file upload_30.txt (compact mmCIF, C-alpha atoms)
# COMPACT_ATOMS: atom_id res chain seq x y z
CA THR A 1 4.05 -8.07 74.99
CA GLU A 2 7.57 -6.77 75.54
CA LYS A 3 8.95 -9.39 73.16
CA ASN A 4 6.60 -8.29 70.37
CA ILE A 5 7.49 -4.63 71.00
CA ASP A 6 11.18 -5.46 70.61
CA LYS A 7 10.47 -7.26 67.33
CA GLY A 8 8.49 -4.26 66.11
CA ILE A 9 11.32 -1.89 66.97
CA GLU A 10 13.78 -4.11 65.06
CA LYS A 11 11.69 -3.66 61.92
CA VAL A 12 11.70 0.16 62.11
CA PRO A 13 15.07 0.76 60.34
CA CYS A 14 14.04 -1.58 57.51
CA LEU A 15 10.67 0.16 57.14
CA ILE A 16 12.34 3.60 57.12
CA GLU A 17 14.80 2.47 54.45
CA THR A 18 11.98 0.99 52.34
CA ARG A 19 9.91 4.18 52.54
CA ALA A 20 12.92 6.39 51.77
CA ASN A 21 13.85 4.29 48.74
CA LYS A 22 10.27 4.36 47.49
CA LYS A 23 10.05 8.16 47.89
CA ASN A 24 13.34 8.72 46.04
CA SER A 25 12.75 6.22 43.24
CA PHE A 26 11.78 7.29 39.73
CA LYS A 27 8.07 7.26 38.93
CA LEU A 28 8.70 5.70 35.52
CA ARG A 29 10.49 2.44 36.27
CA LYS A 30 11.54 -0.85 34.76
CA VAL A 31 9.07 -3.67 35.39
CA ILE A 32 9.26 -7.39 34.64
CA ASN A 33 6.42 -8.41 32.36
CA GLY A 34 5.20 -11.86 33.35
CA THR A 35 1.75 -11.42 31.81
CA GLY A 36 2.56 -12.99 28.42
CA VAL A 37 1.10 -9.96 26.60
CA VAL A 38 3.95 -9.13 24.23
CA ILE A 39 2.94 -5.62 23.12
CA HIS A 40 1.55 -4.48 26.48
CA THR A 41 0.38 -0.87 26.12
CA ASN A 42 0.23 -0.33 29.91
CA LEU A 43 3.79 -1.65 30.27
CA GLY A 44 5.34 0.48 27.51
CA ARG A 45 4.54 -1.64 24.43
CA SER A 46 7.62 -2.87 22.55
CA PRO A 47 10.93 -3.04 24.42
CA ILE A 48 14.00 -2.02 22.45
CA ASP A 49 17.19 -4.06 22.19
CA GLU A 50 20.23 -2.87 24.17
CA GLU A 51 22.33 -2.67 21.00
CA ILE A 52 19.83 -0.20 19.54
CA MET A 53 19.92 1.84 22.74
CA LYS A 54 23.69 2.26 22.35
CA ASN A 55 22.97 4.31 19.24
CA VAL A 56 20.35 6.34 21.14
CA PHE A 57 22.85 6.99 23.95
CA GLU A 58 25.50 8.11 21.45
CA ILE A 59 23.08 10.57 19.82
CA SER A 60 21.49 11.86 23.03
CA SER A 61 24.74 12.41 24.94
CA ASN A 62 26.37 14.39 22.13
CA TYR A 63 25.50 16.96 19.48
CA SER A 64 24.18 15.46 16.26
CA ASN A 65 23.30 16.36 12.68
CA LEU A 66 19.57 16.29 13.49
CA GLU A 67 18.80 19.21 11.17
CA PHE A 68 22.19 19.79 9.58
CA ASP A 69 23.23 18.63 6.11
CA LEU A 70 26.82 17.43 6.43
CA GLU A 71 27.23 17.44 2.63
CA SER A 72 26.28 21.07 2.02
CA GLY A 73 27.04 22.50 5.46
CA LYS A 74 23.56 24.05 5.53
CA ARG A 75 20.34 23.41 7.44
CA GLY A 76 18.89 19.97 6.75
CA SER A 77 15.66 18.10 7.48
CA ARG A 78 15.17 15.73 10.40
CA TYR A 79 12.99 13.56 8.13
CA SER A 80 15.88 12.80 5.79
CA HIS A 81 17.48 10.38 8.28
CA LEU A 82 14.58 7.93 7.96
CA GLU A 83 13.13 8.56 4.51
CA LYS A 84 15.51 6.45 2.42
CA ILE A 85 15.51 3.37 4.62
CA LEU A 86 11.71 3.45 4.94
CA SER A 87 11.40 3.80 1.17
CA ASP A 88 13.87 0.96 0.58
CA ILE A 89 12.01 -1.40 2.93
CA THR A 90 8.42 -0.54 1.96
CA GLY A 91 8.84 0.32 -1.72
CA ALA A 92 7.20 3.73 -1.19
CA GLU A 93 8.33 6.90 -2.99
CA ALA A 94 8.70 8.93 0.22
CA ALA A 95 8.27 8.76 3.98
CA MET A 96 8.08 10.84 7.13
CA VAL A 97 7.56 10.17 10.83
CA VAL A 98 5.51 11.90 13.55
CA ASN A 99 4.96 11.07 17.21
CA ASN A 100 2.26 8.36 16.93
CA ASN A 101 -0.15 6.81 14.46
CA ALA A 102 -3.16 8.88 15.55
CA ALA A 103 -1.09 12.00 14.81
CA ALA A 104 -0.08 10.49 11.46
CA VAL A 105 -3.73 9.97 10.45
CA MET A 106 -4.64 13.47 11.62
CA LEU A 107 -1.78 15.02 9.63
CA VAL A 108 -2.65 13.08 6.47
CA LEU A 109 -6.31 14.11 6.61
CA SER A 110 -5.50 17.70 7.57
CA THR A 111 -3.25 17.94 4.52
CA LEU A 112 -5.31 16.07 1.94
CA ALA A 113 -8.88 16.58 3.09
CA LYS A 114 -9.26 19.62 5.35
CA GLU A 115 -12.85 20.89 4.99
CA LYS A 116 -13.42 18.06 2.51
CA GLU A 117 -15.26 14.78 2.86
CA VAL A 118 -13.52 11.53 3.79
CA ILE A 119 -15.37 8.35 2.84
CA VAL A 120 -14.84 5.44 5.24
CA SER A 121 -16.72 2.22 5.98
CA ARG A 122 -18.90 2.29 9.08
CA GLY A 123 -17.38 -1.04 10.08
CA GLU A 124 -13.95 0.58 10.26
CA LEU A 125 -14.74 3.44 12.64
CA ILE A 126 -12.62 1.89 15.37
CA GLU A 127 -11.79 3.02 18.89
CA ILE A 128 -8.10 2.95 19.77
CA GLY A 129 -6.44 3.02 23.21
CA GLY A 130 -7.55 5.49 25.86
CA SER A 131 -11.07 5.80 24.35
CA PHE A 132 -9.79 7.78 21.36
CA ARG A 133 -11.86 7.11 18.27
CA VAL A 134 -11.11 7.43 14.56
CA PRO A 135 -14.09 9.81 13.97
CA GLU A 136 -12.75 12.14 16.70
CA VAL A 137 -9.25 12.13 15.21
CA MET A 138 -10.77 12.91 11.81
CA GLU A 139 -12.80 15.77 13.28
CA GLN A 140 -9.64 17.33 14.77
CA SER A 141 -8.02 17.21 11.32
CA GLY A 142 -10.76 19.41 9.88
CA ALA A 143 -12.01 16.64 7.58
CA ILE A 144 -15.70 15.80 7.27
CA LEU A 145 -16.57 12.17 7.99
CA VAL A 146 -18.83 10.35 5.56
CA ASP A 147 -19.42 6.81 6.81
CA VAL A 148 -20.88 4.31 4.36
CA GLY A 149 -22.28 0.80 4.52
CA THR A 150 -23.19 -0.91 7.78
CA THR A 151 -21.24 -2.32 10.71
CA ASN A 152 -21.00 -5.79 9.18
CA LYS A 153 -21.34 -5.16 5.44
CA THR A 154 -19.94 -2.51 3.13
CA HIS A 155 -19.88 -2.73 -0.69
CA ILE A 156 -17.94 -0.83 -3.35
CA TRP A 157 -21.14 0.83 -4.51
CA ASP A 158 -21.55 2.33 -1.02
CA TYR A 159 -18.35 4.27 -1.63
CA GLU A 160 -19.27 5.24 -5.20
CA LYS A 161 -22.70 6.54 -4.19
CA ALA A 162 -21.09 8.84 -1.60
CA ILE A 163 -18.70 10.54 -4.06
CA ASN A 164 -19.33 14.19 -4.89
CA GLU A 165 -17.35 17.35 -5.66
CA GLU A 166 -16.48 17.68 -1.93
CA THR A 167 -14.85 14.24 -1.64
CA GLY A 168 -11.20 14.55 -0.61
CA VAL A 169 -10.04 11.04 0.34
CA PHE A 170 -11.01 7.38 0.49
CA LEU A 171 -9.91 6.09 3.91
CA LYS A 172 -9.37 2.40 4.56
CA VAL A 173 -8.83 1.50 8.24
CA HIS A 174 -7.41 -1.92 9.03
CA THR A 175 -9.30 -3.32 12.02
CA SER A 176 -6.17 -4.61 13.70
CA ASN A 177 -7.64 -4.62 17.21
CA TYR A 178 -10.86 -6.58 16.56
CA ARG A 179 -12.61 -8.81 14.04
CA ILE A 180 -16.22 -8.94 12.85
CA LEU A 181 -17.14 -12.54 12.07
CA GLY A 182 -20.18 -14.17 10.45
CA PHE A 183 -22.41 -12.42 7.91
CA THR A 184 -19.87 -9.84 6.74
CA SER A 185 -18.30 -8.27 3.69
CA SER A 186 -15.81 -5.45 3.23
CA VAL A 187 -14.29 -3.61 0.30
CA SER A 188 -10.76 -4.64 -0.65
CA ILE A 189 -7.85 -2.36 -1.43
CA GLU A 190 -7.93 -3.66 -5.02
CA GLU A 191 -11.54 -2.50 -5.46
CA LEU A 192 -10.84 0.89 -3.91
CA TYR A 193 -7.77 1.27 -6.14
CA GLU A 194 -9.98 1.00 -9.25
CA LEU A 195 -12.42 3.53 -7.79
CA LYS A 196 -9.71 6.02 -6.83
CA ASN A 197 -8.29 5.86 -10.37
CA LYS A 198 -11.73 6.33 -11.89
CA TYR A 199 -12.44 9.49 -9.86
CA ASN A 200 -8.85 10.64 -9.19
CA ILE A 201 -9.33 10.61 -5.41
CA PRO A 202 -6.38 9.75 -3.10
CA LEU A 203 -6.56 6.41 -1.29
CA VAL A 204 -5.25 6.39 2.30
CA GLU A 205 -4.88 3.32 4.50
CA ASP A 206 -4.42 3.33 8.27
CA LEU A 207 -2.81 -0.04 9.02
CA GLY A 208 -2.73 0.59 12.77
CA SER A 209 -0.17 -1.87 14.11
CA GLY A 210 1.82 -2.03 10.91
CA VAL A 211 4.10 -4.94 10.09
CA LEU A 212 7.02 -5.20 7.67
CA ILE A 213 7.33 -9.01 7.44
CA ASP A 214 4.88 -11.81 6.72
CA LEU A 215 4.22 -13.25 10.18
CA SER A 216 2.29 -16.24 8.81
CA LYS A 217 5.53 -18.03 7.92
CA TYR A 218 6.30 -18.11 11.65
CA GLY A 219 2.97 -19.72 12.48
CA LEU A 220 1.04 -16.55 13.31
CA GLU A 221 -2.11 -15.22 11.70
CA TYR A 222 -1.47 -13.33 8.45
CA GLU A 223 -1.39 -9.56 8.94
CA PRO A 224 -1.27 -7.25 5.89
CA THR A 225 2.20 -5.79 5.45
CA VAL A 226 3.00 -2.20 4.56
CA GLN A 227 4.70 -3.44 1.40
CA ASP A 228 1.48 -5.18 0.32
CA SER A 229 -0.48 -1.95 0.57
CA ILE A 230 2.09 0.03 -1.40
CA LYS A 231 2.18 -2.64 -4.13
CA LYS A 232 -1.61 -2.56 -4.37
CA GLY A 233 -1.55 1.16 -5.17
CA VAL A 234 -2.43 2.83 -1.87
CA ASP A 235 -1.29 6.46 -2.05
CA ILE A 236 -0.55 6.93 1.67
CA VAL A 237 -0.10 4.29 4.40
CA THR A 238 0.19 5.07 8.11
CA PHE A 239 1.24 2.69 10.91
CA SER A 240 2.75 2.56 14.40
CA GLY A 241 6.41 2.23 15.29
CA ASP A 242 6.05 0.57 18.70
CA LYS A 243 3.69 -2.30 17.91
CA LEU A 244 4.47 -5.12 15.49
CA LEU A 245 7.40 -3.17 14.08
CA GLY A 246 9.06 -3.44 17.51
CA GLY A 247 10.57 0.06 17.61
CA PRO A 248 9.95 3.31 19.53
CA GLN A 249 6.62 5.13 19.67
CA ALA A 250 6.11 6.79 16.30
CA GLY A 251 3.55 7.36 13.57
CA ILE A 252 5.09 6.36 10.25
CA ILE A 253 3.75 7.73 6.96
CA VAL A 254 4.84 6.26 3.62
CA GLY A 255 3.57 6.73 0.08
CA LYS A 256 3.46 9.16 -2.82
CA ARG A 257 6.07 11.91 -2.69
CA GLU A 258 3.71 14.67 -3.86
CA TYR A 259 1.43 14.10 -0.87
CA ILE A 260 4.19 13.64 1.71
CA ASP A 261 5.91 16.82 0.52
CA GLU A 262 2.64 18.65 1.22
CA MET A 263 2.51 17.15 4.73
CA LYS A 264 6.00 18.37 5.54
CA LYS A 265 4.81 21.93 4.85
CA ASN A 266 1.71 21.60 7.05
CA PRO A 267 2.08 23.76 10.22
CA LEU A 268 0.65 20.86 12.22
CA THR A 269 3.81 18.87 11.45
CA ARG A 270 5.90 20.94 13.83
CA ALA A 271 3.51 20.27 16.71
CA ILE A 272 3.71 16.48 16.28
CA ARG A 273 7.27 16.03 15.05
CA VAL A 274 9.63 13.43 16.51
CA ASP A 275 12.84 14.15 18.40
CA LYS A 276 16.38 12.81 18.05
CA PHE A 277 15.74 9.92 20.48
CA THR A 278 12.91 8.53 18.35
CA ILE A 279 14.77 9.05 15.08
CA SER A 280 17.92 7.29 16.30
CA ALA A 281 16.00 4.36 17.84
CA LEU A 282 13.77 3.95 14.79
CA GLU A 283 16.64 4.13 12.31
CA ALA A 284 18.58 1.47 14.26
CA THR A 285 15.48 -0.75 14.41
CA LEU A 286 14.79 -0.38 10.68
CA LYS A 287 18.39 -1.28 9.82
CA LEU A 288 17.80 -4.67 11.44
CA TYR A 289 14.97 -5.31 8.95
CA LEU A 290 17.51 -5.41 6.13
CA ASP A 291 18.44 -8.91 7.40
CA GLU A 292 15.27 -10.74 8.45
CA GLU A 293 16.99 -13.66 10.18
CA GLY A 294 19.16 -11.34 12.24
CA MET A 295 16.18 -9.10 12.92
CA LYS A 296 14.22 -11.99 14.47
CA LYS A 297 16.87 -12.29 17.17
CA LYS A 298 17.51 -8.59 17.78
CA VAL A 299 14.03 -7.04 17.71
CA PRO A 300 12.60 -8.17 21.08
CA THR A 301 8.94 -8.04 20.00
CA ILE A 302 9.50 -10.24 16.93
CA ASN A 303 11.77 -12.53 18.93
CA MET A 304 9.14 -13.07 21.63
CA LEU A 305 6.37 -13.66 19.08
CA THR A 306 8.39 -16.31 17.25
CA LEU A 307 9.80 -18.27 20.23
CA SER A 308 9.43 -22.04 19.83
CA GLN A 309 7.83 -24.30 22.44
CA GLU A 310 11.24 -25.86 23.04
CA GLU A 311 12.80 -22.47 23.79
CA LEU A 312 9.94 -21.56 26.14
CA GLU A 313 10.19 -24.89 27.96
CA ASN A 314 13.95 -24.54 28.40
CA LYS A 315 13.48 -21.09 29.93
CA ALA A 316 10.73 -22.39 32.21
CA ASN A 317 12.87 -25.29 33.45
CA ILE A 318 15.80 -22.99 34.25
CA LEU A 319 13.63 -20.55 36.22
CA LYS A 320 11.79 -23.36 38.01
CA GLU A 321 15.07 -24.90 39.19
CA LYS A 322 16.38 -21.51 40.35
CA LEU A 323 13.19 -20.94 42.34
CA LYS A 324 13.23 -24.41 43.90
CA CYS A 325 16.92 -24.16 44.83
CA ASN A 326 16.33 -20.92 46.69
CA ILE A 327 12.86 -21.50 48.12
CA ASN A 328 12.10 -24.54 50.25
CA ASP A 329 8.80 -23.81 51.90
CA LYS A 330 5.73 -25.99 52.41
CA ASN A 331 3.48 -22.95 51.81
CA ILE A 332 4.45 -22.59 48.15
CA GLY A 333 4.28 -24.91 45.16
CA ILE A 334 6.19 -24.20 41.95
CA GLY A 335 5.43 -25.92 38.66
CA ILE A 336 5.30 -25.49 34.88
CA VAL A 337 1.97 -25.36 33.04
CA ASP A 338 0.82 -24.91 29.45
CA ASP A 339 -1.08 -21.73 28.71
CA TYR A 340 -1.51 -19.02 26.05
CA SER A 341 0.17 -15.67 25.46
CA GLU A 342 -1.35 -12.74 23.58
CA VAL A 343 0.15 -10.39 21.00
CA GLY A 344 -1.42 -7.29 22.59
CA GLY A 345 -1.27 -3.65 21.53
CA GLY A 346 -4.42 -4.01 19.44
CA SER A 347 -2.63 -6.46 17.14
CA LEU A 348 -3.81 -9.90 15.97
CA PRO A 349 -6.76 -10.00 18.42
CA LEU A 350 -7.69 -13.62 17.64
CA GLU A 351 -4.15 -14.96 18.00
CA LYS A 352 -3.48 -17.24 20.99
CA LEU A 353 0.18 -18.24 21.30
CA PRO A 354 0.87 -21.54 23.11
CA THR A 355 3.31 -20.86 25.93
CA LYS A 356 4.87 -22.18 29.15
CA CYS A 357 4.23 -20.54 32.50
CA ILE A 358 5.70 -20.85 35.96
CA CYS A 359 2.68 -21.55 38.15
CA ILE A 360 2.92 -20.64 41.84
CA SER A 361 0.33 -22.17 44.16
CA LEU A 362 0.03 -20.99 47.77
CA LYS A 363 -1.15 -22.87 50.86
CA ASP A 364 -2.84 -20.85 53.58
CA LEU A 365 -1.53 -17.62 52.06
CA SER A 366 -3.36 -14.80 50.27
CA VAL A 367 -2.89 -14.92 46.49
CA SER A 368 -4.02 -11.30 46.11
CA LYS A 369 -1.48 -10.12 48.72
CA PHE A 370 1.24 -12.18 47.03
CA GLU A 371 0.47 -10.66 43.62
CA LYS A 372 0.38 -7.15 45.09
CA SER A 373 3.69 -7.68 46.91
CA LEU A 374 5.36 -8.88 43.70
CA ARG A 375 3.98 -5.78 42.00
CA ASN A 376 5.47 -3.59 44.74
CA PHE A 377 8.88 -5.27 44.73
CA LYS A 378 11.87 -2.96 44.09
CA THR A 379 11.75 -4.16 40.46
CA PRO A 380 7.99 -4.67 40.03
CA ILE A 381 7.07 -8.16 38.80
CA ILE A 382 3.76 -8.05 36.93
CA THR A 383 2.00 -11.42 36.82
CA ARG A 384 -1.48 -12.73 36.17
CA VAL A 385 -3.76 -14.57 38.58
CA TYR A 386 -5.86 -17.49 37.40
CA LYS A 387 -7.87 -19.87 39.61
CA ASP A 388 -6.10 -18.68 42.76
CA LYS A 389 -2.63 -19.27 41.32
CA ILE A 390 0.14 -16.90 40.19
CA TYR A 391 1.21 -17.30 36.54
CA ILE A 392 4.52 -16.00 35.16
CA ASP A 393 4.54 -16.35 31.36
CA MET A 394 7.99 -17.23 30.02
CA ARG A 395 7.36 -15.62 26.61
CA THR A 396 7.78 -12.09 27.97
CA ILE A 397 10.48 -12.82 30.56
CA LYS A 398 14.17 -12.16 29.96
CA GLU A 399 16.65 -14.72 31.26
CA SER A 400 18.68 -11.83 32.65
CA ASP A 401 15.76 -11.16 35.03
CA PHE A 402 15.59 -14.70 36.48
CA ASP A 403 17.64 -13.86 39.59
CA THR A 404 15.51 -10.78 40.25
CA ILE A 405 12.36 -12.90 40.00
CA VAL A 406 13.78 -15.43 42.48
CA GLU A 407 14.68 -12.62 44.89
CA GLY A 408 11.23 -11.06 44.45
CA VAL A 409 9.33 -14.31 45.04
CA LEU A 410 11.43 -15.10 48.14
CA GLU A 411 10.98 -11.63 49.62
CA THR A 412 7.26 -11.67 48.79
CA LEU A 413 6.83 -15.07 50.44
CA ASN A 414 8.47 -13.82 53.64
CA GLU A 415 6.43 -10.62 53.57
CA VAL A 416 3.10 -12.40 53.10
CA LYS A 417 3.99 -14.85 55.86
CA GLY A 418 4.74 -11.91 58.15
CA VAL A 419 8.48 -12.48 58.45
CA LEU A 420 9.30 -9.00 57.12
call {"tool": "encode", "arguments": {"input": "upload_30.txt", "output": "structure tokens"}}
result
Amino acid sequence: TEKNIDKGIEKVPCLIETRANKKNSFKLRKVINGTGVVIHTNLGRSPIDEEIMKNVFEISSNYSNLEFDLESGKRGSRYSHLEKILSDITGAEAAMVVNNNAAAVMLVLSTLAKEKEVIVSRGELIEIGGSFRVPEVMEQSGAILVDVGTTNKTHIWDYEKAINEETGVFLKVHTSNYRILGFTSSVSIEELYELKNKYNIPLVEDLGSGVLIDLSKYGLEYEPTVQDSIKKGVDIVTFSGDKLLGGPQAGIIVGKREYIDEMKKNPLTRAIRVDKFTISALEATLKLYLDEEGMKKKVPTINMLTLSQEELENKANILKEKLKCNINDKNIGIGIVDDYSEVGGGSLPLEKLPTKCICISLKDLSVSKFEKSLRNFKTPIITRVYKDKIYIDMRTIKESDFDTIVEGVLETLNEVKGVL
């Protein structure tokens, strides 16, 4: 009808503006994480505190002493900016950083075991994100994989039987992204330490997620710390910067100076080195670890993991009231429900964190369209759908984003109803 045509014409300017804004927007954008997965690999893993980003801005918008020794006035090393603080925190003799943990493992094995055999338990041949597997990373390093034991059981004598004149390294891989339960046994670092001393073979541990504090005192499952491994005599430890550490993407290597000095000379190091952005963000993050109580508040990942039920409920009540004050519609119900968050990022796979969620129920409206519309909002709001309801987990939501969420839910409601 003519009336409907007029209404359609009225929408044209709005549709043109929406399409133009979408075309001109950045491809990599901020999203609001309402999934409750704290270290969400698809959503950029660990967010970094704004105070830390001030240091990154200062470094990136000016010249810096990235590879310049201010003391001598001569060329310096980019690794020097992080080595001391990593050594102070972990207790290791030396440290260096590359662009991610897979690169760190590859560099370690390329340096210590190229064309030599690396003995590893079959139960530790893990697959990491994007279908990359530890055996494939090892192959790229030039090392020769020797897997021992079985999927569920490996003994110290499995390692000892595999030793020969071609053995270059014992590799221990922490299975941070899964657990084998039931009829199992594995070889401890303490046992491998005795074996490495007996045969003078370097012991390397890939901790994966990597953590610098004991999370069990905050009610989470115990996860081996980097400091533990160094104290137990591991020669080289590798771990990620953007998982449980809560910093930028990086592969951190700590351990014996003689081995790390060799790695710095490896030509592969240049191909996987970190830039000034990573160094400045990681240094600022590590400085926070010098004061654990302060760090809990300022490292977003640790803060989210250690939120109390009271804090989560307070946040949920505030957002619920904001939503109800702005949205008065019989087609939508807004409540608070108990649920569980996840650590994510291949960390603490068995950990379920009690949480509070905003639960949105819809009457005579499509839940899938509602979820998609939230996802396509100008600031995408990523939620989860369970039993035909929308869940927004308060653990991974910033209070500064509450108004954006209200705006997004209101606009989505109108869009799904056909108002827009």
call {"tool": "closest_residue", "arguments": {"input": "upload_30.txt", "among": "A:Gly408, A:Pro135, A:Gly210, A:Pro13", "to": "Lys372 in chain A", "atoms": "only C-alpha atoms"}}
result
A:Gly408
call {"tool": "residues_around", "arguments": {"input": "upload_30.txt", "residues": "Ala95 in chain A", "least_positions_apart": "2", "cutoff": "8 Å", "atoms": "all atoms listed in the file", "output": "PyMOL selection string"}}
result
chain A and resi 79+82-84+86-87+92-93+97+252-255+257+260
call {"tool": "atom_distance", "arguments": {"input": "upload_30.txt", "atom1": "CA of Lys322 in chain A", "atom2": "CA of Ile405 in chain A"}}
result
9.5 Å
call {"tool": "residues_around", "arguments": {"input": "upload_30.txt", "residues": "range 325-333 of chain A", "least_positions_apart": "5", "cutoff": "6 Å", "atoms": "all atoms listed in the file", "output": "PyMOL selection string"}}
result
chain A and resi 360-363
call {"tool": "residues_around", "arguments": {"input": "upload_30.txt", "residues": "Leu305 in chain A", "least_positions_apart": "2", "cutoff": "10 Å", "atoms": "only C-alpha atoms", "output": "list in words"}}
result
Val37, Val38, Ile39, Leu215, Tyr218, Gly219, Leu220, Leu244, Lys296, Pro300, Thr301, Ile302, Asn303, Leu307, Ser308, Ser341, Glu342, Val343, Leu353, Arg395 and Thr396 of chain A
call {"tool": "closest_residue", "arguments": {"input": "upload_30.txt", "among": "A:Leu171, A:Ile156, A:Leu286, A:Ile279", "to": "Leu195 in chain A", "atoms": "all atoms listed in the file"}}
result
A:Ile156
call {"tool": "atom_distance", "arguments": {"input": "upload_30.txt", "atom1": "CA of Leu212 in chain A", "atom2": "CA of Ile89 in chain A"}}
result
7.9 Å
call {"tool": "closest_residue", "arguments": {"input": "upload_30.txt", "among": "A:Arg78, A:Arg384, A:Lys198, A:His174", "to": "Phe277 in chain A", "atoms": "all atoms listed in the file"}}
result
A:Arg78
call {"tool": "closest_atom_pairs", "arguments": {"input": "upload_30.txt", "of": "range 117-224 of chain A", "to": "range 232-238 of chain A", "cutoff": "7 Å", "atoms": "all atoms listed in the file", "output": "Markdown table"}}
result
| residue | atom | partner | partner_atom | distance |
| --- | --- | --- | --- | --- |
| A:Ile189 | CA | A:Lys232 | CA | 6.9 |
| A:Glu190 | CA | A:Lys232 | CA | 6.4 |
| A:Tyr193 | CA | A:Gly233 | CA | 6.3 |
| A:Pro202 | CA | A:Asp235 | CA | 6.2 |
| A:Leu203 | CA | A:Asp235 | CA | 5.3 |
| A:Val204 | CA | A:Ile236 | CA | 4.8 |
| A:Glu205 | CA | A:Val237 | CA | 4.9 |
| A:Asp206 | CA | A:Thr238 | CA | 4.9 |
| A:Leu207 | CA | A:Thr238 | CA | 6.0 |
call {"tool": "closest_residue", "arguments": {"input": "upload_30.txt", "among": "A:Asp242, A:Glu166, A:Glu311, A:Asp388", "to": "Thr41 in chain A", "atoms": "only C-alpha atoms"}}
result
A:Asp242
call {"tool": "closest_residue", "arguments": {"input": "upload_30.txt", "among": "A:Phe370, A:Phe68, A:Tyr222, A:Phe26", "to": "Thr383 in chain A", "atoms": "all atoms listed in the file"}}
result
A:Phe370
call {"tool": "axis_aligned_box", "arguments": {"input": "upload_30.txt", "around": "range 59-78 of chain A", "padding_each_side": "8 Å", "output": "lines of an AutoDock Vina configuration file"}}
result
center_x = 21.2
center_y = 17.3
center_z = 13.5
size_x = 28.1
size_y = 29.5
size_z = 38.9
call {"tool": "atom_distance", "arguments": {"input": "upload_30.txt", "atom1": "CA of Glu223 in chain A", "atom2": "CA of Val108 in chain A"}}
result
22.8 Å
call {"tool": "closest_residue", "arguments": {"input": "upload_30.txt", "among": "A:Ala102, A:Val56, A:Met394, A:Ile48", "to": "Gln140 in chain A", "atoms": "only C-alpha atoms"}}
result
A:Ala102
call {"tool": "residues_around", "arguments": {"input": "upload_30.txt", "residues": "Tyr199 in chain A", "least_positions_apart": "5", "cutoff": "12 Å", "atoms": "only C-alpha atoms", "output": "ChimeraX atom specification"}}
result
/A:159-160,162-165,167-170,192-194
